[in-house]
>>> print(open('coords_19.cif').read())   # mmCIF, C-alpha atoms (C1' of nucleotides) and all ligand atoms
data_structure
loop_
_atom_site.label_atom_id
_atom_site.label_comp_id
_atom_site.auth_asym_id
_atom_site.auth_seq_id
_atom_site.Cartn_x
_atom_site.Cartn_y
_atom_site.Cartn_z
CA MET A 1 -24.31 8.84 -27.26
CA ALA A 2 -24.28 10.68 -23.97
CA SER A 3 -24.46 14.45 -23.70
CA GLY A 4 -23.13 16.73 -20.98
CA LYS A 5 -19.76 17.81 -19.76
CA TYR A 6 -18.27 14.35 -19.48
CA ALA A 7 -19.92 12.74 -22.46
CA LYS A 8 -16.77 11.09 -23.72
CA GLU A 9 -16.02 9.29 -20.47
CA MET A 10 -19.66 8.46 -19.92
CA ASP A 11 -19.68 6.74 -23.28
CA ALA A 12 -16.46 4.93 -22.50
CA LEU A 13 -18.03 3.64 -19.30
CA LYS A 14 -21.22 2.54 -21.03
CA GLU A 15 -19.25 0.73 -23.68
CA HIS A 16 -17.27 -1.11 -21.04
CA LEU A 17 -20.45 -1.98 -19.16
CA ALA A 18 -22.15 -3.31 -22.29
CA LYS A 19 -19.14 -5.38 -23.24
CA HIS A 20 -19.04 -7.04 -19.83
CA HIS A 21 -22.78 -7.45 -19.21
CA LEU A 22 -22.74 -4.91 -16.42
CA LYS A 23 -25.42 -2.39 -15.63
CA PHE A 24 -25.60 1.35 -15.72
CA THR A 25 -26.71 2.48 -12.28
CA ARG A 26 -27.47 5.74 -10.57
CA GLN A 27 -24.43 5.24 -8.34
CA ARG A 28 -22.05 4.65 -11.20
CA GLU A 29 -23.21 7.75 -12.97
CA LEU A 30 -22.98 9.77 -9.78
CA ILE A 31 -19.50 8.56 -8.90
CA LEU A 32 -18.20 9.08 -12.42
CA ASN A 33 -19.35 12.69 -12.49
CA ALA A 34 -17.75 13.37 -9.14
CA PHE A 35 -14.57 11.55 -10.07
CA LEU A 36 -14.02 13.40 -13.32
CA ARG A 37 -13.94 16.71 -11.48
CA GLN A 38 -10.83 15.53 -9.63
CA GLU A 39 -7.26 15.12 -10.70
CA HIS A 40 -6.73 12.28 -8.23
CA ILE A 41 -8.58 11.16 -5.17
CA THR A 42 -8.81 8.33 -2.65
CA ALA A 43 -11.91 6.20 -2.17
CA GLU A 44 -12.20 7.48 1.38
CA ALA A 45 -12.09 11.14 0.29
CA MET A 46 -14.67 10.53 -2.40
CA TYR A 47 -16.85 8.78 0.15
CA HIS A 48 -16.88 11.82 2.42
CA GLN A 49 -17.35 14.20 -0.44
CA LEU A 50 -20.37 12.35 -1.80
CA ALA A 51 -21.82 11.77 1.65
CA LYS A 52 -22.78 15.45 1.77
CA THR A 53 -25.39 14.96 -0.93
CA ASP A 54 -25.81 11.18 -0.84
CA PRO A 55 -25.49 9.96 2.74
CA HIS A 56 -26.44 6.41 1.85
CA LEU A 57 -23.77 5.69 -0.70
CA GLY A 58 -21.68 2.82 0.64
CA LEU A 59 -17.91 2.88 0.87
CA ALA A 60 -17.71 -0.55 -0.73
CA THR A 61 -19.60 0.81 -3.71
CA ILE A 62 -17.05 3.60 -4.07
CA TYR A 63 -14.19 1.14 -4.05
CA ARG A 64 -15.94 -1.20 -6.44
CA THR A 65 -16.79 1.62 -8.80
CA LEU A 66 -13.33 3.20 -8.81
CA ASN A 67 -11.86 -0.21 -9.56
CA LEU A 68 -14.39 -0.55 -12.33
CA PHE A 69 -13.19 2.76 -13.75
CA CYS A 70 -9.68 1.35 -13.77
CA ASP A 71 -10.88 -1.64 -15.74
CA ALA A 72 -12.62 0.72 -18.14
CA GLY A 73 -9.46 2.78 -18.58
CA ILE A 74 -10.99 5.90 -17.08
CA ALA A 75 -8.97 5.81 -13.87
CA GLN A 76 -5.58 4.53 -12.85
CA ALA A 77 -4.76 3.26 -9.39
CA ARG A 78 -1.58 4.42 -7.73
CA HIS A 79 -0.39 3.40 -4.29
CA PHE A 80 0.75 6.38 -2.31
CA GLY A 81 1.68 5.98 1.31
CA SER A 82 -0.77 3.49 2.75
CA GLN A 83 -3.63 4.44 0.47
CA THR A 84 -4.63 4.04 -3.14
CA GLN A 85 -4.97 7.17 -5.19
CA TYR A 86 -7.23 6.94 -8.21
CA ASP A 87 -5.88 9.17 -10.96
CA ASN A 88 -8.16 10.76 -13.51
CA VAL A 89 -6.63 9.65 -16.77
CA SER A 90 -8.62 12.07 -18.94
CA HIS A 91 -8.17 15.22 -16.90
CA LYS A 92 -4.51 15.37 -17.60
CA GLY A 93 -2.29 12.91 -19.33
CA HIS A 94 -0.04 10.63 -17.37
CA HIS A 95 2.21 12.37 -14.89
CA ASP A 96 4.69 11.63 -12.12
CA HIS A 97 5.39 13.29 -8.79
CA LEU A 98 7.94 15.38 -6.97
CA ILE A 99 7.32 15.13 -3.24
CA CYS A 100 8.80 17.39 -0.57
CA THR A 101 9.86 15.40 2.46
CA GLY A 102 9.77 18.59 4.51
CA CYS A 103 6.29 19.97 3.96
CA GLY A 104 4.54 17.30 1.91
CA LYS A 105 4.12 19.53 -1.11
CA ILE A 106 3.49 17.59 -4.31
CA VAL A 107 4.43 18.82 -7.76
CA GLU A 108 3.25 16.94 -10.82
CA PHE A 109 5.39 16.70 -13.90
CA GLU A 110 5.67 14.86 -17.14
CA ASN A 111 8.83 14.12 -19.03
CA CYS A 112 8.63 12.38 -22.37
CA GLU A 113 12.32 11.60 -22.48
CA ILE A 114 12.14 9.68 -19.24
CA GLU A 115 9.08 7.83 -20.45
CA LYS A 116 10.87 6.85 -23.62
CA LEU A 117 13.92 5.62 -21.75
CA GLN A 118 11.67 3.55 -19.52
CA GLU A 119 10.25 1.83 -22.58
CA GLU A 120 13.75 1.10 -23.79
CA VAL A 121 14.80 -0.40 -20.49
CA ALA A 122 11.69 -2.59 -20.45
CA ALA A 123 12.14 -3.75 -24.03
CA ARG A 124 15.77 -4.59 -23.39
CA ASN A 125 14.62 -6.89 -20.58
CA GLY A 126 11.76 -8.47 -22.49
CA PHE A 127 9.06 -6.64 -20.54
CA SER A 128 6.02 -4.87 -21.89
CA ILE A 129 5.10 -2.03 -19.54
CA GLN A 130 1.54 -1.75 -18.28
CA THR A 131 2.02 1.02 -15.76
CA HIS A 132 4.85 2.62 -13.87
CA ARG A 133 5.54 4.84 -10.97
CA LEU A 134 8.17 7.50 -10.60
CA GLU A 135 8.41 9.52 -7.43
CA LEU A 136 11.19 11.94 -6.61
CA TYR A 137 11.58 12.73 -2.92
CA GLY A 138 13.48 15.77 -1.74
CA LEU A 139 13.26 19.27 -0.35
CA CYS A 140 11.45 22.13 -2.01
CA THR A 141 12.97 25.61 -2.19
CA ARG A 142 11.25 26.82 0.94
CA CYS A 143 12.14 23.78 3.04
CA ARG A 144 15.80 24.01 2.08
CA ASN A 145 16.10 27.41 3.74
CA MET B 1 35.50 -0.85 14.37
CA ALA B 2 33.70 -4.09 13.68
CA SER B 3 35.29 -7.05 11.94
CA GLY B 4 33.69 -9.78 9.88
CA LYS B 5 32.01 -10.02 6.55
CA TYR B 6 29.63 -7.12 7.06
CA ALA B 7 31.89 -4.83 9.07
CA LYS B 8 31.02 -1.74 7.09
CA GLU B 9 27.27 -2.04 7.62
CA MET B 10 27.72 -3.13 11.20
CA ASP B 11 29.65 0.07 11.81
CA ALA B 12 27.01 2.13 10.03
CA LEU B 13 24.37 0.60 12.27
CA LYS B 14 26.38 1.21 15.43
CA GLU B 15 26.99 4.79 14.45
CA HIS B 16 23.28 5.34 13.88
CA LEU B 17 22.46 3.70 17.19
CA ALA B 18 24.96 5.85 19.09
CA LYS B 19 23.70 9.02 17.49
CA HIS B 20 20.12 8.27 18.50
CA HIS B 21 20.71 6.79 21.95
CA LEU B 22 19.65 3.36 20.80
CA LYS B 23 21.16 0.07 21.90
CA PHE B 24 23.05 -2.66 20.18
CA THR B 25 21.18 -5.88 20.83
CA ARG B 26 21.60 -9.53 19.99
CA GLN B 27 18.48 -9.34 17.81
CA ARG B 28 19.69 -6.35 15.83
CA GLU B 29 23.00 -8.00 15.12
CA LEU B 30 21.29 -11.23 14.15
CA ILE B 31 18.79 -9.58 11.85
CA LEU B 32 21.42 -7.41 10.21
CA ASN B 33 23.58 -10.41 9.36
CA ALA B 34 20.64 -12.24 7.90
CA PHE B 35 19.42 -9.19 6.04
CA LEU B 36 22.75 -8.43 4.37
CA ARG B 37 22.78 -11.85 2.77
CA GLN B 38 19.65 -10.88 0.83
CA GLU B 39 19.10 -8.61 -2.08
CA HIS B 40 15.57 -7.82 -0.92
CA ILE B 41 13.19 -9.52 1.45
CA THR B 42 9.89 -9.05 3.27
CA ALA B 43 9.56 -8.97 7.05
CA GLU B 44 7.41 -12.07 6.91
CA ALA B 45 9.97 -14.02 4.88
CA MET B 46 12.77 -12.99 7.19
CA TYR B 47 10.64 -14.04 10.16
CA HIS B 48 10.25 -17.56 8.82
CA GLN B 49 13.85 -17.78 7.78
CA LEU B 50 15.15 -16.78 11.20
CA ALA B 51 12.59 -18.92 13.01
CA LYS B 52 14.56 -22.01 11.98
CA THR B 53 17.42 -21.06 14.27
CA ASP B 54 15.73 -18.53 16.57
CA PRO B 55 12.14 -19.62 17.17
CA HIS B 56 11.53 -16.91 19.73
CA LEU B 57 12.30 -13.90 17.59
CA GLY B 58 9.12 -11.85 17.34
CA LEU B 59 7.64 -10.62 14.09
CA ALA B 60 7.25 -7.13 15.54
CA THR B 61 10.96 -7.07 16.25
CA ILE B 62 11.69 -7.93 12.64
CA TYR B 63 9.50 -5.10 11.42
CA ARG B 64 10.95 -2.64 13.92
CA THR B 65 14.47 -3.61 13.04
CA LEU B 66 14.02 -3.46 9.29
CA ASN B 67 12.50 0.00 9.69
CA LEU B 68 15.48 0.92 11.83
CA PHE B 69 17.76 -0.21 9.01
CA CYS B 70 15.88 2.15 6.72
CA ASP B 71 16.49 5.02 9.11
CA ALA B 72 20.15 4.07 9.21
CA GLY B 73 20.39 4.02 5.41
CA ILE B 74 21.17 0.32 5.27
CA ALA B 75 17.82 -0.73 3.84
CA GLN B 76 15.20 0.89 1.68
CA ALA B 77 11.50 0.08 1.89
CA ARG B 78 9.58 -0.54 -1.27
CA HIS B 79 5.88 -1.33 -1.45
CA PHE B 80 5.09 -4.18 -3.76
CA GLY B 81 1.57 -5.49 -4.06
CA SER B 82 0.26 -5.59 -0.54
CA GLN B 83 3.63 -6.08 1.15
CA THR B 84 6.74 -4.08 1.89
CA GLN B 85 10.01 -5.26 0.41
CA TYR B 86 13.16 -4.20 2.23
CA ASP B 87 15.97 -3.67 -0.25
CA ASN B 88 19.59 -4.17 0.69
CA VAL B 89 21.21 -0.88 -0.28
CA SER B 90 24.80 -2.04 0.11
CA HIS B 91 24.53 -5.27 -1.80
CA LYS B 92 24.34 -3.37 -5.01
CA GLY B 93 24.38 0.33 -5.69
CA HIS B 94 21.20 2.22 -6.32
CA HIS B 95 18.91 0.54 -8.75
CA ASP B 96 15.31 0.56 -9.89
CA HIS B 97 12.91 -2.25 -10.64
CA LEU B 98 11.03 -3.92 -13.43
CA ILE B 99 8.24 -5.96 -11.91
CA CYS B 100 6.18 -8.61 -13.66
CA THR B 101 2.52 -8.32 -12.70
CA GLY B 102 2.00 -11.88 -13.86
CA CYS B 103 4.54 -13.91 -11.89
CA GLY B 104 6.10 -11.37 -9.55
CA LYS B 105 9.54 -11.63 -11.14
CA ILE B 106 11.73 -8.64 -10.35
CA VAL B 107 14.53 -7.38 -12.59
CA GLU B 108 16.86 -4.72 -11.30
CA PHE B 109 18.30 -2.09 -13.56
CA GLU B 110 20.13 1.17 -13.51
CA ASN B 111 19.98 3.85 -16.12
CA CYS B 112 22.16 6.91 -15.77
CA GLU B 113 20.28 8.87 -18.40
CA ILE B 114 17.03 8.52 -16.49
CA GLU B 115 18.75 9.49 -13.28
CA LYS B 116 20.17 12.59 -14.92
CA LEU B 117 16.80 13.61 -16.33
CA GLN B 118 15.29 13.20 -12.88
CA GLU B 119 17.82 15.66 -11.53
CA GLU B 120 16.93 18.11 -14.25
CA VAL B 121 13.21 17.85 -13.54
CA ALA B 122 13.86 18.39 -9.84
CA ALA B 123 16.13 21.38 -10.42
CA ARG B 124 13.62 22.97 -12.76
CA ASN B 125 11.06 22.78 -9.95
CA GLY B 126 13.38 24.01 -7.23
CA PHE B 127 13.72 20.61 -5.58
CA SER B 128 16.86 18.89 -4.37
CA ILE B 129 16.38 15.14 -4.58
CA GLN B 130 17.10 13.00 -1.57
CA THR B 131 15.80 9.69 -2.85
CA HIS B 132 13.54 8.44 -5.56
CA ARG B 133 11.59 5.45 -6.65
CA LEU B 134 11.06 4.18 -10.15
CA GLU B 135 9.10 1.02 -10.74
CA LEU B 136 8.02 -0.30 -14.10
CA TYR B 137 5.13 -2.76 -13.99
CA GLY B 138 4.36 -5.06 -16.86
CA LEU B 139 4.55 -8.59 -18.20
CA CYS B 140 7.75 -10.53 -18.65
CA THR B 141 8.40 -12.57 -21.77
CA ARG B 142 7.06 -15.78 -20.29
CA CYS B 143 3.89 -14.24 -18.87
CA ARG B 144 3.05 -12.61 -22.19
CA ASN B 145 2.71 -16.04 -23.84
"C1'" DT C 1 27.51 -2.74 40.15
"C1'" DT C 2 23.47 -0.19 39.64
"C1'" DG C 3 19.59 2.03 37.83
"C1'" DA C 4 17.62 4.73 34.12
"C1'" DA C 5 16.42 4.00 29.54
"C1'" DA C 6 15.63 1.18 25.66
"C1'" DT C 7 14.13 -3.26 23.73
"C1'" DT C 8 11.71 -7.38 23.33
"C1'" DG C 9 7.89 -10.75 22.33
"C1'" DA C 10 3.11 -11.79 22.50
"C1'" DT C 11 -0.83 -10.13 21.10
"C1'" DA C 12 -4.26 -6.57 20.54
"C1'" DA C 13 -5.43 -2.94 17.67
"C1'" DG C 14 -5.63 -0.28 13.31
"C1'" DC C 15 -5.89 0.62 8.66
"C1'" DC C 16 -7.25 -0.14 4.11
"C1'" DC C 17 -9.62 -2.83 1.23
"C1'" DT C 18 -12.53 -6.84 -0.24
"C1'" DC C 19 -16.05 -10.28 0.69
"C1'" DT C 20 -20.72 -11.72 2.05
"C1'" DC C 21 -25.52 -11.67 1.52
"C1'" DA C 22 -30.21 -10.28 1.50
"C1'" DA C 23 -32.80 -6.53 -0.49
"C1'" DA C 24 -33.23 -3.49 -4.38
"C1'" DA C 25 -32.42 -1.96 -9.06
"C1'" DT C 26 -31.70 -2.79 -13.84
"C1'" DT C 27 -32.21 -5.18 -18.08
"C1'" DC C 28 -34.06 -8.84 -20.82
"C1'" DT C 29 -37.98 -11.54 -22.61
"C1'" DA C 30 -42.33 -12.38 -24.11
"C1'" DT D 1 -45.54 -3.55 -19.93
"C1'" DA D 2 -45.40 -7.50 -16.66
"C1'" DG D 3 -42.51 -10.88 -15.06
"C1'" DA D 4 -38.14 -13.19 -14.76
"C1'" DA D 5 -33.29 -13.24 -14.72
"C1'" DT D 6 -29.23 -10.98 -13.59
"C1'" DT D 7 -26.54 -7.58 -11.50
"C1'" DT D 8 -25.79 -4.14 -7.95
"C1'" DT D 9 -26.09 -2.14 -3.60
"C1'" DG D 10 -25.20 -1.07 1.36
"C1'" DA D 11 -23.96 -2.57 5.87
"C1'" DG D 12 -21.05 -4.87 8.20
"C1'" DA D 13 -17.95 -8.81 8.75
"C1'" DG D 14 -13.52 -10.51 7.45
"C1'" DG D 15 -8.60 -10.43 6.04
"C1'" DG D 16 -3.81 -9.16 5.24
"C1'" DC D 17 -0.20 -6.40 6.64
"C1'" DT D 18 1.87 -3.38 9.92
"C1'" DT D 19 2.13 -0.83 14.21
"C1'" DA D 20 0.87 0.02 19.17
"C1'" DT D 21 0.72 -1.68 23.86
"C1'" DC D 22 2.85 -3.23 27.94
"C1'" DA D 23 5.09 -6.04 31.39
"C1'" DA D 24 9.41 -8.41 31.58
"C1'" DT D 25 14.10 -8.33 30.13
"C1'" DT D 26 18.35 -6.37 28.44
"C1'" DT D 27 21.63 -2.81 27.64
"C1'" DC D 28 24.94 0.53 29.00
"C1'" DA D 29 26.66 4.86 31.09
"C1'" DA D 30 28.05 6.36 35.38
MN MN E 201 5.79 8.61 -15.94
MN MN E 202 16.89 5.27 -9.97
ZN ZN E 203 8.75 21.59 1.26
ZN ZN E 204 6.20 -12.85 -15.37
#
>>> encode(input="coords_19.cif", output="structure tokens", more="lines below")
Ligand SMILES: [Mn+2]
Ligand SMILES: [Mn+2]
Ligand SMILES: [Zn+2]
Ligand SMILES: [Zn+2]
Amino acid sequence: MASGKYAKEMDALKEHLAKHHLKFTRQRELILNAFLRQEHITAEAMYHQLAKTDPHLGLATIYRTLNLFCDAGIAQARHFGSQTQYDNVSHKGHHDHLICTGCGKIVEFENCEIEKLQEEVAARNGFSIQTHRLELYGLCTRCRN
Amino acid sequence: MASGKYAKEMDALKEHLAKHHLKFTRQRELILNAFLRQEHITAEAMYHQLAKTDPHLGLATIYRTLNLFCDAGIAQARHFGSQTQYDNVSHKGHHDHLICTGCGKIVEFENCEIEKLQEEVAARNGFSIQTHRLELYGLCTRCRN
DNA sequence: TTGAAATTGATAAGCCCTCTCAAAATTCTA
DNA sequence: TAGAATTTTGAGAGGGCTTATCAATTTCAA
């Protein structure tokens, strides 16, 4: 049983590692602690952020580790533009995005009713949903004026 | 005023071209006619399809032209996996997608209730929606067995 | 018809991400 | 705890998809 600020996620990671005969490394611990401070981040951004204190951490390791977090249910990958954003599942529950096409501002929201209707649509078509993506593009108040 | 099966879209394209000082070329006409026969297609697939009758049509031209169609409101780009799908907007009204992560099967759907809730979310946050994207990823009946 | 401006096709370049592989770290075994 | 087995790491190569480059060609307004 891990202690510290992110004990719950650290345990979740260790459980996943044990189950799949993977090892608990300095890098994985390091990246997890950095990741859990974020709401969502790209591998590239995390690479630069960690480079300040750990200049030898490889980019491939960041990618591998973030994908590992997805397997472990700690992160969730989301394609945005040309890059992959890794969402922190624990920090906040699932959420979707409002994106201003004028200034790039992003507002996060959650709407249970929409989520429920999505499930209904899927069920009606014989699908079981794993993930989804809902992005609303438009102009924010400021950009409309 | 164009005539022929796709007169409406041909006119929409010509209007967009005129407004932006762009030119009406053999390739653009060719690609538009091929595109409008599809519900959605990738640049690569269209390249191979057109190569049968026009072996000298360049892949870059296909990409440029499909992106032009997006600007003109005739097509809509949608990232799926590692590729971009270009959706035919006119073929069917607006719709969203259910996508099987197992076999790649795509089911189109529309749901007015979801659309209405999206508007509400946007309004509550001061946004006016221009477009949106809703994709549900999961397993179809067959892939679940 | 003419010439400025846009387009084309071939291919190089770019971006994001994954693969490769030898060295290092971790975990298991005795 | 030493040694062996297994996994991971970091650096860079490789790969898939898309866009940029540029000289030759085409379009189209005057
Ligand atoms: Mn959602
Ligand atoms: Mn919709
Ligand atoms: Zn804005
Ligand atoms: Zn399927």
>>> closest_residue(input="coords_19.cif", among="B:His91, B:His40, B:Lys19, B:Lys105", to="ligand ZN 204 (chain E)", atoms="only C-alpha atoms and all ligand atoms")
B:Lys105
>>> residues_near_point(input="coords_19.cif", point="(7.6, 5.6, -9.6)", cutoff="8 Å", atoms="all atoms listed in the file", output="ChimeraX atom specification")
/A:96,132-136 /B:132-136
>>> interface_residues(input="coords_19.cif", of="chain C", to="chain B", cutoff="10 Å", atoms="all atoms listed in the file", output="PyMOL selection string")
chain C and resi 5-10
>>> closest_residue(input="coords_19.cif", among="B:Ile129, B:Ala45, B:Ile106, B:Cys143", to="ligand ZN 203 (chain E)", atoms="only C-alpha atoms and all ligand atoms")
B:Ile129
>>> residues_near_ligand(input="coords_19.cif", ligand="ligand ZN 203 (chain E)", cutoff="10 Å", atoms="all atoms listed in the file", output="ChimeraX atom specification")
/A:99-106,138-145 /B:126-127
>>> atom_distance(input="coords_19.cif", atom1="atom CA of Gly81 of chain B", atom2="atom CA of Ile41 of chain B")
13.5 Å
>>> calpha_fit_rmsd(input="coords_19.cif", fixed="chain B", moving="chain A")
1.2 Å
>>> residues_around(input="coords_19.cif", residues="DT19 of chain D", least_positions_apart="2", cutoff="10 Å", atoms="only C-alpha atoms (C1' of nucleotides)", output="ChimeraX atom specification")
/B:60,63-64 /C:13-15 /D:17,21
>>> residues_around(input="coords_19.cif", residues="DA24 of chain C", least_positions_apart="3", cutoff="12 Å", atoms="only C-alpha atoms (C1' of nucleotides)", output="list in words")
Thr25 of chain A; DT7, DT8, DT9 and DG10 of chain D
>>> atom_distance(input="coords_19.cif", atom1="atom MN of ligand MN 201 (chain E)", atom2="atom CA of Phe69 of chain A")
20.0 Å
>>> atom_distance(input="coords_19.cif", atom1="atom CA of Leu98 of chain A", atom2="atom CA of Ala122 of chain B")
7.2 Å
>>> closest_residue(input="coords_19.cif", among="D:DT6, D:DG15, D:DA20, D:DT27", to="chain A", atoms="all atoms listed in the file")
D:DT6
>>> residues_around(input="coords_19.cif", residues="segment 3-13 of chain B", least_positions_apart="5", cutoff="9 Å", atoms="all atoms listed in the file", output="list in words")
Ala18, Phe24, Glu29, Leu32, Asn33, Leu36, Leu68, Phe69, Ala72, Gly73, Ile74 and Ser90 of chain B
>>> residues_around(input="coords_19.cif", residues="Met46 of chain A", least_positions_apart="3", cutoff="9 Å", atoms="all atoms listed in the file", output="short mmCIF file (atom, residue, chain, number, x, y, z; two decimals) with C-alpha atoms, in the frame of the given file")
data_model
loop_
_atom_site.label_atom_id
_atom_site.label_comp_id
_atom_site.auth_asym_id
_atom_site.auth_seq_id
_atom_site.Cartn_x
_atom_site.Cartn_y
_atom_site.Cartn_z
CA ILE A 31 -19.50 8.56 -8.90
CA ALA A 34 -17.75 13.37 -9.14
CA PHE A 35 -14.57 11.55 -10.07
CA ILE A 41 -8.58 11.16 -5.17
CA THR A 42 -8.81 8.33 -2.65
CA ALA A 43 -11.91 6.20 -2.17
CA GLN A 49 -17.35 14.20 -0.44
CA LEU A 50 -20.37 12.35 -1.80
CA ALA A 51 -21.82 11.77 1.65
CA LEU A 59 -17.91 2.88 0.87
CA ILE A 62 -17.05 3.60 -4.07
#
>>> closest_residue(input="coords_19.cif", among="A:His95, A:His79, A:Asn88, A:Lys52", to="chain B", atoms="all atoms listed in the file")
A:His79
>>> build_atoms(input="coords_19.cif", residues="segment 8-15 of chain B", atoms="all heavy atoms", output="compact mmCIF listing (two decimals), in the coordinates of the input")
# COMPACT_ATOMS: atom_id res chain seq x y z
N LYS B 8 31.38 -3.09 7.48
CA LYS B 8 31.02 -1.74 7.09
C LYS B 8 29.59 -1.40 7.53
O LYS B 8 29.34 -0.35 8.14
CB LYS B 8 31.14 -1.60 5.56
CG LYS B 8 30.77 -0.24 5.02
CD LYS B 8 31.24 -0.08 3.58
CE LYS B 8 30.30 0.78 2.76
NZ LYS B 8 29.28 -0.03 2.04
N GLU B 9 28.67 -2.29 7.26
CA GLU B 9 27.27 -2.04 7.62
C GLU B 9 27.07 -2.11 9.12
O GLU B 9 26.27 -1.38 9.69
CB GLU B 9 26.35 -3.04 6.92
CG GLU B 9 26.20 -2.80 5.44
CD GLU B 9 27.43 -3.26 4.65
OE1 GLU B 9 28.18 -4.13 5.16
OE2 GLU B 9 27.66 -2.74 3.54
N MET B 10 27.83 -3.02 9.75
CA MET B 10 27.72 -3.13 11.20
C MET B 10 28.15 -1.81 11.84
O MET B 10 27.51 -1.34 12.78
CB MET B 10 28.61 -4.28 11.68
CG MET B 10 28.31 -4.80 13.06
SD MET B 10 26.64 -5.48 13.24
CE MET B 10 26.82 -7.11 12.51
N ASP B 11 29.19 -1.22 11.30
CA ASP B 11 29.65 0.07 11.81
C ASP B 11 28.62 1.17 11.55
O ASP B 11 28.37 2.03 12.40
CB ASP B 11 30.98 0.46 11.17
CG ASP B 11 32.13 -0.37 11.74
OD1 ASP B 11 31.97 -0.89 12.86
OD2 ASP B 11 33.17 -0.48 11.06
N ALA B 12 28.03 1.12 10.37
CA ALA B 12 27.01 2.13 10.03
C ALA B 12 25.84 2.03 11.00
O ALA B 12 25.31 3.03 11.47
CB ALA B 12 26.53 1.92 8.59
N LEU B 13 25.47 0.79 11.31
CA LEU B 13 24.37 0.60 12.27
C LEU B 13 24.75 1.13 13.64
O LEU B 13 24.01 1.90 14.26
CB LEU B 13 24.02 -0.89 12.37
CG LEU B 13 22.96 -1.23 13.42
CD1 LEU B 13 21.64 -0.53 13.12
CD2 LEU B 13 22.75 -2.74 13.50
N LYS B 14 25.95 0.78 14.10
CA LYS B 14 26.38 1.21 15.43
C LYS B 14 26.47 2.73 15.52
O LYS B 14 26.12 3.32 16.55
CB LYS B 14 27.74 0.57 15.78
CG LYS B 14 27.60 -0.90 16.15
CD LYS B 14 28.92 -1.50 16.56
CE LYS B 14 28.71 -2.95 17.01
NZ LYS B 14 29.99 -3.68 17.22
N GLU B 15 26.90 3.32 14.46
CA GLU B 15 26.99 4.79 14.45
C GLU B 15 25.59 5.41 14.57
O GLU B 15 25.37 6.34 15.33
CB GLU B 15 27.66 5.24 13.15
CG GLU B 15 27.97 6.74 13.13
CD GLU B 15 28.71 7.13 11.84
OE1 GLU B 15 29.18 6.20 11.13
OE2 GLU B 15 28.79 8.33 11.56
